[in-house]
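Reading through the structure tokens given below for one structure.
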Amino acid sequence: MFKNSQTQFGLISVSLHWLVALTVFGLFAVGWWMVDLSYYSQWYRTAPHWHKSVGILLGMVMLFRLFWRVISPPPGPLTTHKRWERKTATAVQILLYLLIFILVLSGYLISTEDGRPITVFDWFDVPALGALFNKQADIAGLIHEYVAYSVIILAVLHGLAALKHHFIDKDNTLKRMFGRKP
Amino acid sequence: MKKLLLAASMAAMMAVPAQAADYVIDTQGAHAFVQFKISHLGYSWLYGRFNTFSGDFSYDADKLEASKIQLTIDTNSVDSNHAERDKHLRSGDFLNVSKHPKATFVSTKIVPKAGDTFDLHGNLTLNGVTKEVVIAAEKLGEGKDPWGGYRAGFAGTTTLTLKDFAINTDLGPASATVQLDLTVEGIRK
């Protein structure tokens with residue numbers, strides 16, 4: 001039930017998938033909104049604090065996802081999927097993993113250039129490594145922005161592809177991501 | 001004999017009374033500071049500085065009004081001891097450093113006042129806007145340094161209204177102005 005089988009996604013993989021999906025879109029929305037807050041907004045301090053806290057937790061969840069893929073590999077693609085569909089889907093998934101890690105890392109580098117740690121919801125501190133390269137906050141900030149847009153575009157394509165399988169091909173690709181048997 | 005001549009001529013040179021001399025601001029040894037302070041919420045001060053700048057001045061103790069100074073500041077070097085805030089200060093919300101990487105001050109007029117104080121008039125270009133400002137300045141001291149050079153030091157302060165320099169981000173009513181504090185030590189060229 002918790003682990004993936006040859007044909008079915010287990011509860012852990014399904015939960016992780018939708019948790020990360022929700023978090024990524026939530027973080028994007030908050031990030032997009034918070035950079036234009038005025039100084040006297042009551043969210044001026046809270047929104048970035050939550051954004052950073054959730055971002056660090058997302059990074060930890062993503063590490064666990066990688067670990068879980070090793071412990072319990074996901075089922076293979078449906079046999080009805082065409083060759084190019086499999087290749088594209090795999091490429092997009094690898095890219096999403098990679099870009100989310102870059103997103104977390106670049107966010108971390110913005111906030112820690114001056115040696116201040118990132119406090120995650122007042123639960124614990126992620127220590128800073130200080131300035132690792134010149135203009136770190138500016139460069140990391142630009143990377144963070146562009147990679148965030150890329151992740152959202154890719155995630156939307158990934159979702160549209162799932163809808164295409166569901167409504168046009170009428171196969172079980174999307175249902176399987178909710179834990180259904182194929 | 002040669003040595004004696006050399007010594008005599010050097011003594012003669014040193015005996016020449018002070019006259020207009022050119023100085024380079026000692027940024028090499030970091031004996032010059034471009035700092036600012038701005039009210040935070042009306043409750044406290046926030047201090048910052050520009051780490052990279054250069055400039056020179058000519059100075060004549062007997063003819064102060066003939067003195068001149070010019071200063072070029074690298075706005076990228078703004079430092080308020082907080083990387084995230086400095087990133088924000090460099091952005092279009094404040095200093096717009098990618099578009100305006102330099103701020104300059106060029107003196108136009110000096111009006112001597114009581115004692116060692118004087119008003120230093122000049123054009124300040126900041127965020128692409130040039131405006132005449134008056135810096136309330138003071139000579140701190142001058143004389144030989146222990147390493148064979150000759151130095152003169154000045155301090156000056158002026159208050160800028162952020163909106164005058166097209167910095168329109170609202171930091172609250174108490175933070176509409178910023179105080180600029182300059183301390184420059186020049187080494188005679």
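In the structure tokens, each chain is lettered A, B, ... as it comes, each chain's residues begin at 1, and ligands are numbered from 1 in order of appearance.
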
Given only C-alpha atoms, how would the per-residue table for chain B near chain A read, listing every residue at most 8 Å away with its closest atom pair and distance in Å to one decimal, sorted by chain and number, as a Markdown table?
```
| residue | atom | partner | partner_atom | distance |
| --- | --- | --- | --- | --- |
| B:Asn81 | CA | A:Asp114 | CA | 7.4 |
| B:His82 | CA | A:Asp114 | CA | 6.1 |
| B:Ala83 | CA | A:Asp114 | CA | 5.3 |
| B:Glu84 | CA | A:Ser111 | CA | 6.1 |
| B:Lys87 | CA | A:Asp138 | CA | 6.3 |
| B:Asp170 | CA | A:Tyr39 | CA | 7.0 |
| B:Leu171 | CA | A:Tyr39 | CA | 6.0 |
| B:Gly172 | CA | A:Tyr40 | CA | 7.5 |
```

### Task
Mind checking which residues fall within 8 Å of Phe121 (chain A), counting only C-alpha atoms, ignoring those fewer than 5 positions away in the same chain, and posting them as a list in words?
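My reading of the contact set: His49, Trp50 and Ser53 of chain A.
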
Pull N, CA and C atoms from the residues just selected and write them as a PDB file, in the first residue's frame.
```pdb
ATOM      1  N   HIS A  49       9.621  35.147   5.100  1.00  0.00           N
ATOM      2  CA  HIS A  49       9.987  34.165   6.131  1.00  0.00           C
ATOM      3  C   HIS A  49       9.318  32.814   5.841  1.00  0.00           C
ATOM      4  N   TRP A  50       8.041  32.854   5.513  1.00  0.00           N
ATOM      5  CA  TRP A  50       7.326  31.617   5.197  1.00  0.00           C
ATOM      6  C   TRP A  50       7.821  31.019   3.886  1.00  0.00           C
ATOM      7  N   SER A  53      11.062  29.341   4.627  1.00  0.00           N
ATOM      8  CA  SER A  53      10.850  28.156   5.475  1.00  0.00           C
ATOM      9  C   SER A  53      10.282  27.008   4.652  1.00  0.00           C
TER      10      SER A  53
END
```

### Query
For Lys163 (chain B), which residue among B:Glu185, B:Asp145, B:Asp74, B:Asp93 is the nearest when counting only C-alpha atoms?
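For Lys163 (chain B), the nearest of the candidates is B:Asp93.
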
Neighbour list for Leu89 (chain B) as a PDB file with C-alpha atoms, in the first residue's frame, cut-off 12 Å, only C-alpha atoms, skip fewer than 5 positions in-chain:
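And here's selection_17.pdb as it stands now:
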```
ATOM      1  CA  ALA A 137      22.867  37.451  -3.931  1.00  0.00           C
ATOM      2  CA  ASP A 138      22.333  39.181  -7.292  1.00  0.00           C
TER       3      ASP A 138
ATOM      4  CA  GLY B  48      25.355  51.981   5.531  1.00  0.00           C
ATOM      5  CA  ARG B  49      28.324  52.884   3.419  1.00  0.00           C
ATOM      6  CA  PHE B  50      29.832  52.694  -0.027  1.00  0.00           C
ATOM      7  CA  THR B  75      27.064  52.415  -6.306  1.00  0.00           C
ATOM      8  CA  ASN B  76      27.460  48.628  -6.593  1.00  0.00           C
ATOM      9  CA  SER B  77      29.520  48.741  -3.430  1.00  0.00           C
ATOM     10  CA  VAL B  78      26.636  49.762  -1.165  1.00  0.00           C
ATOM     11  CA  ASP B  79      26.963  47.868   2.102  1.00  0.00           C
ATOM     12  CA  SER B  80      24.447  47.921   4.945  1.00  0.00           C
ATOM     13  CA  ASN B  81      25.732  44.701   6.504  1.00  0.00           C
ATOM     14  CA  HIS B  82      22.820  42.631   5.176  1.00  0.00           C
ATOM     15  CA  ALA B  83      23.097  40.874   1.791  1.00  0.00           C
ATOM     16  CA  GLU B  84      19.354  40.778   1.122  1.00  0.00           C
ATOM     17  CA  PHE B  94      16.545  52.334  -4.853  1.00  0.00           C
ATOM     18  CA  LEU B  95      19.937  52.942  -6.489  1.00  0.00           C
ATOM     19  CA  ASN B  96      19.315  51.233  -9.817  1.00  0.00           C
ATOM     20  CA  VAL B  97      22.990  50.315 -10.017  1.00  0.00           C
ATOM     21  CA  SER B  98      22.863  48.350 -13.270  1.00  0.00           C
ATOM     22  CA  ASN B 127      20.579  57.516  -9.625  1.00  0.00           C
ATOM     23  CA  ILE B 167      14.227  57.142  -5.390  1.00  0.00           C
ATOM     24  CA  THR B 169      10.201  53.697  -2.752  1.00  0.00           C
TER      25      THR B 169
END
```

### Task
Please return as a PyMOL selection string: the residues of region 9-151 of chain B that backbone DSSP assigns to helix (DSSP H, G or I).
chain B and resi 9-15+64-66+75-77+83-90

### Backbone DSSP call of strand (DSSP E or B) for region 15-150 of chain B, listed as a PyMOL selection string
chain B and resi 21-25+32-40+44-50+53-59+68-74+78-79+102-112+117-126+129-144+150

### Distance query Asn172 (chain A) at most 12 Å, only C-alpha atoms, self and fewer than 4 positions along chain excluded, as a count of residues only
22

### Query
Taking into account only C-alpha atoms, which residue in the set A:Leu19, A:Val30, A:Ile56, A:Leu142 is nearest to Pro117 (chain A)?
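Closest residue, counting only C-alpha atoms: A:Ile56.
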
### Query
In Å, with one decimal, what is the gap from CA of Gly141 (chain B) to CA of Lys102 (chain B)?
29.1 Å

Name the residues in contact with region 54-63 of chain B at a cut-off of 7 Å, using only C-alpha atoms, excluding same-chain residues fewer than 4 positions from it; report them as an mmCIF file with C-alpha atoms, in the first residue's frame.
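Ended up saving to part35.cif:
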```
data_model
loop_
_atom_site.group_PDB
_atom_site.id
_atom_site.type_symbol
_atom_site.label_atom_id
_atom_site.label_comp_id
_atom_site.auth_asym_id
_atom_site.auth_seq_id
_atom_site.Cartn_x
_atom_site.Cartn_y
_atom_site.Cartn_z
ATOM 1 C CA GLN B 19 50.183 76.672 -1.272
ATOM 2 C CA ALA B 20 47.526 75.004 -3.380
ATOM 3 C CA ALA B 21 48.427 71.356 -3.500
ATOM 4 C CA ASP B 22 46.781 68.361 -5.062
ATOM 5 C CA TYR B 23 45.742 65.461 -2.917
ATOM 6 C CA VAL B 24 44.546 61.990 -3.767
ATOM 7 C CA ILE B 25 41.939 60.599 -1.403
ATOM 8 C CA THR B 27 41.190 54.902 -0.577
ATOM 9 C CA SER B 67 39.987 74.512 -3.301
ATOM 10 C CA LYS B 68 38.259 71.815 -5.306
ATOM 11 C CA ILE B 69 37.118 68.249 -4.827
ATOM 12 C CA GLN B 70 35.690 65.534 -7.002
ATOM 13 C CA LEU B 71 34.502 62.125 -5.898
ATOM 14 C CA THR B 72 33.272 59.097 -7.851
ATOM 15 C CA ILE B 73 31.348 56.406 -6.001
#
```

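CA of Gln35 (chain B) to CA of Leu182 (chain B) spans 6.3 Å [interatomic distance, one decimal].
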
### Task
Name all residues at most 12 Å from region 63-72 of chain A (count only C-alpha atoms; drop same-chain ones fewer than 3 positions away) and give them as a ChimeraX atom specification.
/A:1-6,8-20,56-60,75,94,97-98,100-101,104

Would you mind exporting C-alpha atoms of the selected residues as an mmCIF file, in the first residue's frame?
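Final output, selection-v2.cif:
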```
data_model
loop_
_atom_site.group_PDB
_atom_site.id
_atom_site.type_symbol
_atom_site.label_atom_id
_atom_site.label_comp_id
_atom_site.auth_asym_id
_atom_site.auth_seq_id
_atom_site.Cartn_x
_atom_site.Cartn_y
_atom_site.Cartn_z
ATOM 1 C CA MET A 1 0.000 0.000 0.000
ATOM 2 C CA PHE A 2 2.780 2.452 0.904
ATOM 3 C CA LYS A 3 5.340 1.183 -1.572
ATOM 4 C CA ASN A 4 5.138 1.305 -5.338
ATOM 5 C CA SER A 5 4.504 -1.958 -7.182
ATOM 6 C CA GLN A 6 5.402 -2.903 -10.789
ATOM 7 C CA GLN A 8 0.856 0.851 -9.229
ATOM 8 C CA PHE A 9 2.021 3.957 -7.345
ATOM 9 C CA GLY A 10 2.011 3.523 -3.550
ATOM 10 C CA LEU A 11 0.618 6.017 -1.067
ATOM 11 C CA ILE A 12 4.013 7.548 -0.263
ATOM 12 C CA SER A 13 4.878 8.377 -3.886
ATOM 13 C CA VAL A 14 1.376 9.670 -4.595
ATOM 14 C CA SER A 15 1.376 11.901 -1.501
ATOM 15 C CA LEU A 16 4.866 13.213 -2.211
ATOM 16 C CA HIS A 17 3.937 13.999 -5.822
ATOM 17 C CA TRP A 18 0.857 16.056 -4.959
ATOM 18 C CA LEU A 19 2.450 17.678 -1.918
ATOM 19 C CA VAL A 20 5.344 18.902 -4.055
ATOM 20 C CA ILE A 56 13.859 24.652 2.729
ATOM 21 C CA LEU A 57 11.265 22.034 3.724
ATOM 22 C CA LEU A 58 10.552 21.455 0.017
ATOM 23 C CA GLY A 59 14.257 20.814 -0.542
ATOM 24 C CA MET A 60 14.213 18.234 2.248
ATOM 25 C CA PRO A 75 6.191 1.621 -11.895
ATOM 26 C CA ILE A 94 14.270 14.717 -14.695
ATOM 27 C CA TYR A 97 13.661 17.405 -10.239
ATOM 28 C CA LEU A 98 16.854 19.161 -11.295
ATOM 29 C CA ILE A 100 13.536 22.350 -8.189
ATOM 30 C CA PHE A 101 16.884 21.535 -6.573
ATOM 31 C CA VAL A 104 16.076 25.665 -3.507
#
```

### Query
Could you name the residues that touch Ala148 (chain A) at 12 Å or less, counting only C-alpha atoms, but leaving out those on the same chain fewer than 6 positions away, as a PyMOL selection string?
chain A and resi 24-32+55+96+98-107+140-142+154-155

Go ahead and write the residues just picked, N, CA and C atoms, as a PDB file, in the first residue's frame.
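Output file part19.pdb is given in full below:
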```
ATOM      1  N   VAL A  24       5.035  23.748  -4.868  1.00  0.00           N
ATOM      2  CA  VAL A  24       5.749  24.497  -5.907  1.00  0.00           C
ATOM      3  C   VAL A  24       4.880  25.648  -6.431  1.00  0.00           C
ATOM      4  N   PHE A  25       3.605  25.354  -6.695  1.00  0.00           N
ATOM      5  CA  PHE A  25       2.742  26.425  -7.189  1.00  0.00           C
ATOM      6  C   PHE A  25       2.479  27.475  -6.101  1.00  0.00           C
ATOM      7  N   GLY A  26       2.327  27.014  -4.867  1.00  0.00           N
ATOM      8  CA  GLY A  26       2.127  27.940  -3.743  1.00  0.00           C
ATOM      9  C   GLY A  26       3.321  28.856  -3.552  1.00  0.00           C
ATOM     10  N   LEU A  27       4.530  28.273  -3.579  1.00  0.00           N
ATOM     11  CA  LEU A  27       5.752  29.065  -3.394  1.00  0.00           C
ATOM     12  C   LEU A  27       5.918  30.074  -4.524  1.00  0.00           C
ATOM     13  N   PHE A  28       5.563  29.629  -5.742  1.00  0.00           N
ATOM     14  CA  PHE A  28       5.685  30.540  -6.883  1.00  0.00           C
ATOM     15  C   PHE A  28       4.748  31.737  -6.700  1.00  0.00           C
ATOM     16  N   ALA A  29       3.513  31.456  -6.319  1.00  0.00           N
ATOM     17  CA  ALA A  29       2.537  32.538  -6.148  1.00  0.00           C
ATOM     18  C   ALA A  29       2.994  33.514  -5.055  1.00  0.00           C
ATOM     19  N   VAL A  30       3.417  32.968  -3.931  1.00  0.00           N
ATOM     20  CA  VAL A  30       3.862  33.829  -2.821  1.00  0.00           C
ATOM     21  C   VAL A  30       5.099  34.625  -3.234  1.00  0.00           C
ATOM     22  N   GLY A  31       6.029  33.947  -3.894  1.00  0.00           N
ATOM     23  CA  GLY A  31       7.263  34.622  -4.320  1.00  0.00           C
ATOM     24  C   GLY A  31       6.974  35.757  -5.288  1.00  0.00           C
ATOM     25  N   TRP A  32       6.089  35.493  -6.203  1.00  0.00           N
ATOM     26  CA  TRP A  32       5.740  36.483  -7.224  1.00  0.00           C
ATOM     27  C   TRP A  32       5.075  37.705  -6.584  1.00  0.00           C
ATOM     28  N   GLY A  55      10.356  26.674   1.451  1.00  0.00           N
ATOM     29  CA  GLY A  55      11.329  26.314   0.425  1.00  0.00           C
ATOM     30  C   GLY A  55      12.365  25.323   0.932  1.00  0.00           C
ATOM     31  N   LEU A  96      12.400  18.623 -14.073  1.00  0.00           N
ATOM     32  CA  LEU A  96      11.666  19.192 -12.941  1.00  0.00           C
ATOM     33  C   LEU A  96      12.406  18.933 -11.627  1.00  0.00           C
ATOM     34  N   LEU A  98      15.611  18.392 -11.265  1.00  0.00           N
ATOM     35  CA  LEU A  98      16.854  19.161 -11.295  1.00  0.00           C
ATOM     36  C   LEU A  98      16.590  20.643 -11.008  1.00  0.00           C
ATOM     37  N   LEU A  99      15.577  21.198 -11.694  1.00  0.00           N
ATOM     38  CA  LEU A  99      15.308  22.633 -11.554  1.00  0.00           C
ATOM     39  C   LEU A  99      14.793  22.978 -10.156  1.00  0.00           C
ATOM     40  N   ILE A 100      14.013  22.072  -9.549  1.00  0.00           N
ATOM     41  CA  ILE A 100      13.536  22.350  -8.189  1.00  0.00           C
ATOM     42  C   ILE A 100      14.717  22.385  -7.219  1.00  0.00           C
ATOM     43  N   PHE A 101      15.688  21.483  -7.423  1.00  0.00           N
ATOM     44  CA  PHE A 101      16.884  21.535  -6.573  1.00  0.00           C
ATOM     45  C   PHE A 101      17.662  22.836  -6.801  1.00  0.00           C
ATOM     46  N   ILE A 102      17.768  23.257  -8.061  1.00  0.00           N
ATOM     47  CA  ILE A 102      18.474  24.516  -8.349  1.00  0.00           C
ATOM     48  C   ILE A 102      17.729  25.689  -7.705  1.00  0.00           C
ATOM     49  N   LEU A 103      16.401  25.602  -7.723  1.00  0.00           N
ATOM     50  CA  LEU A 103      15.565  26.647  -7.138  1.00  0.00           C
ATOM     51  C   LEU A 103      15.826  26.786  -5.634  1.00  0.00           C
ATOM     52  N   VAL A 104      15.848  25.651  -4.957  1.00  0.00           N
ATOM     53  CA  VAL A 104      16.076  25.665  -3.507  1.00  0.00           C
ATOM     54  C   VAL A 104      17.486  26.189  -3.209  1.00  0.00           C
ATOM     55  N   LEU A 105      18.442  25.702  -3.983  1.00  0.00           N
ATOM     56  CA  LEU A 105      19.830  26.079  -3.764  1.00  0.00           C
ATOM     57  C   LEU A 105      20.051  27.571  -4.030  1.00  0.00           C
ATOM     58  N   SER A 106      19.476  28.081  -5.128  1.00  0.00           N
ATOM     59  CA  SER A 106      19.683  29.497  -5.450  1.00  0.00           C
ATOM     60  C   SER A 106      18.992  30.383  -4.416  1.00  0.00           C
ATOM     61  N   GLY A 107      17.822  29.939  -3.940  1.00  0.00           N
ATOM     62  CA  GLY A 107      17.133  30.692  -2.889  1.00  0.00           C
ATOM     63  C   GLY A 107      17.987  30.759  -1.632  1.00  0.00           C
ATOM     64  N   ALA A 140      22.393  34.722  -7.787  1.00  0.00           N
ATOM     65  CA  ALA A 140      21.475  33.689  -7.309  1.00  0.00           C
ATOM     66  C   ALA A 140      20.026  34.165  -7.462  1.00  0.00           C
ATOM     67  N   GLY A 141      19.801  35.455  -7.244  1.00  0.00           N
ATOM     68  CA  GLY A 141      18.456  36.019  -7.378  1.00  0.00           C
ATOM     69  C   GLY A 141      17.923  35.900  -8.791  1.00  0.00           C
ATOM     70  N   LEU A 142      18.791  36.198  -9.769  1.00  0.00           N
ATOM     71  CA  LEU A 142      18.377  36.082 -11.171  1.00  0.00           C
ATOM     72  C   LEU A 142      18.092  34.629 -11.544  1.00  0.00           C
ATOM     73  N   LEU A 154       7.242  24.181 -17.161  1.00  0.00           N
ATOM     74  CA  LEU A 154       7.387  22.730 -17.309  1.00  0.00           C
ATOM     75  C   LEU A 154       6.289  21.982 -16.573  1.00  0.00           C
ATOM     76  N   ALA A 155       5.950  22.462 -15.349  1.00  0.00           N
ATOM     77  CA  ALA A 155       4.931  21.785 -14.546  1.00  0.00           C
ATOM     78  C   ALA A 155       3.571  21.887 -15.235  1.00  0.00           C
TER      79      ALA A 155
END
```

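Considering only C-alpha atoms, the residue among A:Leu174, A:Phe133, A:Ala89, A:Leu109 positioned nearest to Lys52 (chain A) is A:Leu109.
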
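A straight line drawn from CA of Ile38 (chain B) to CA of Thr159 (chain B) is 9.7 Å long.
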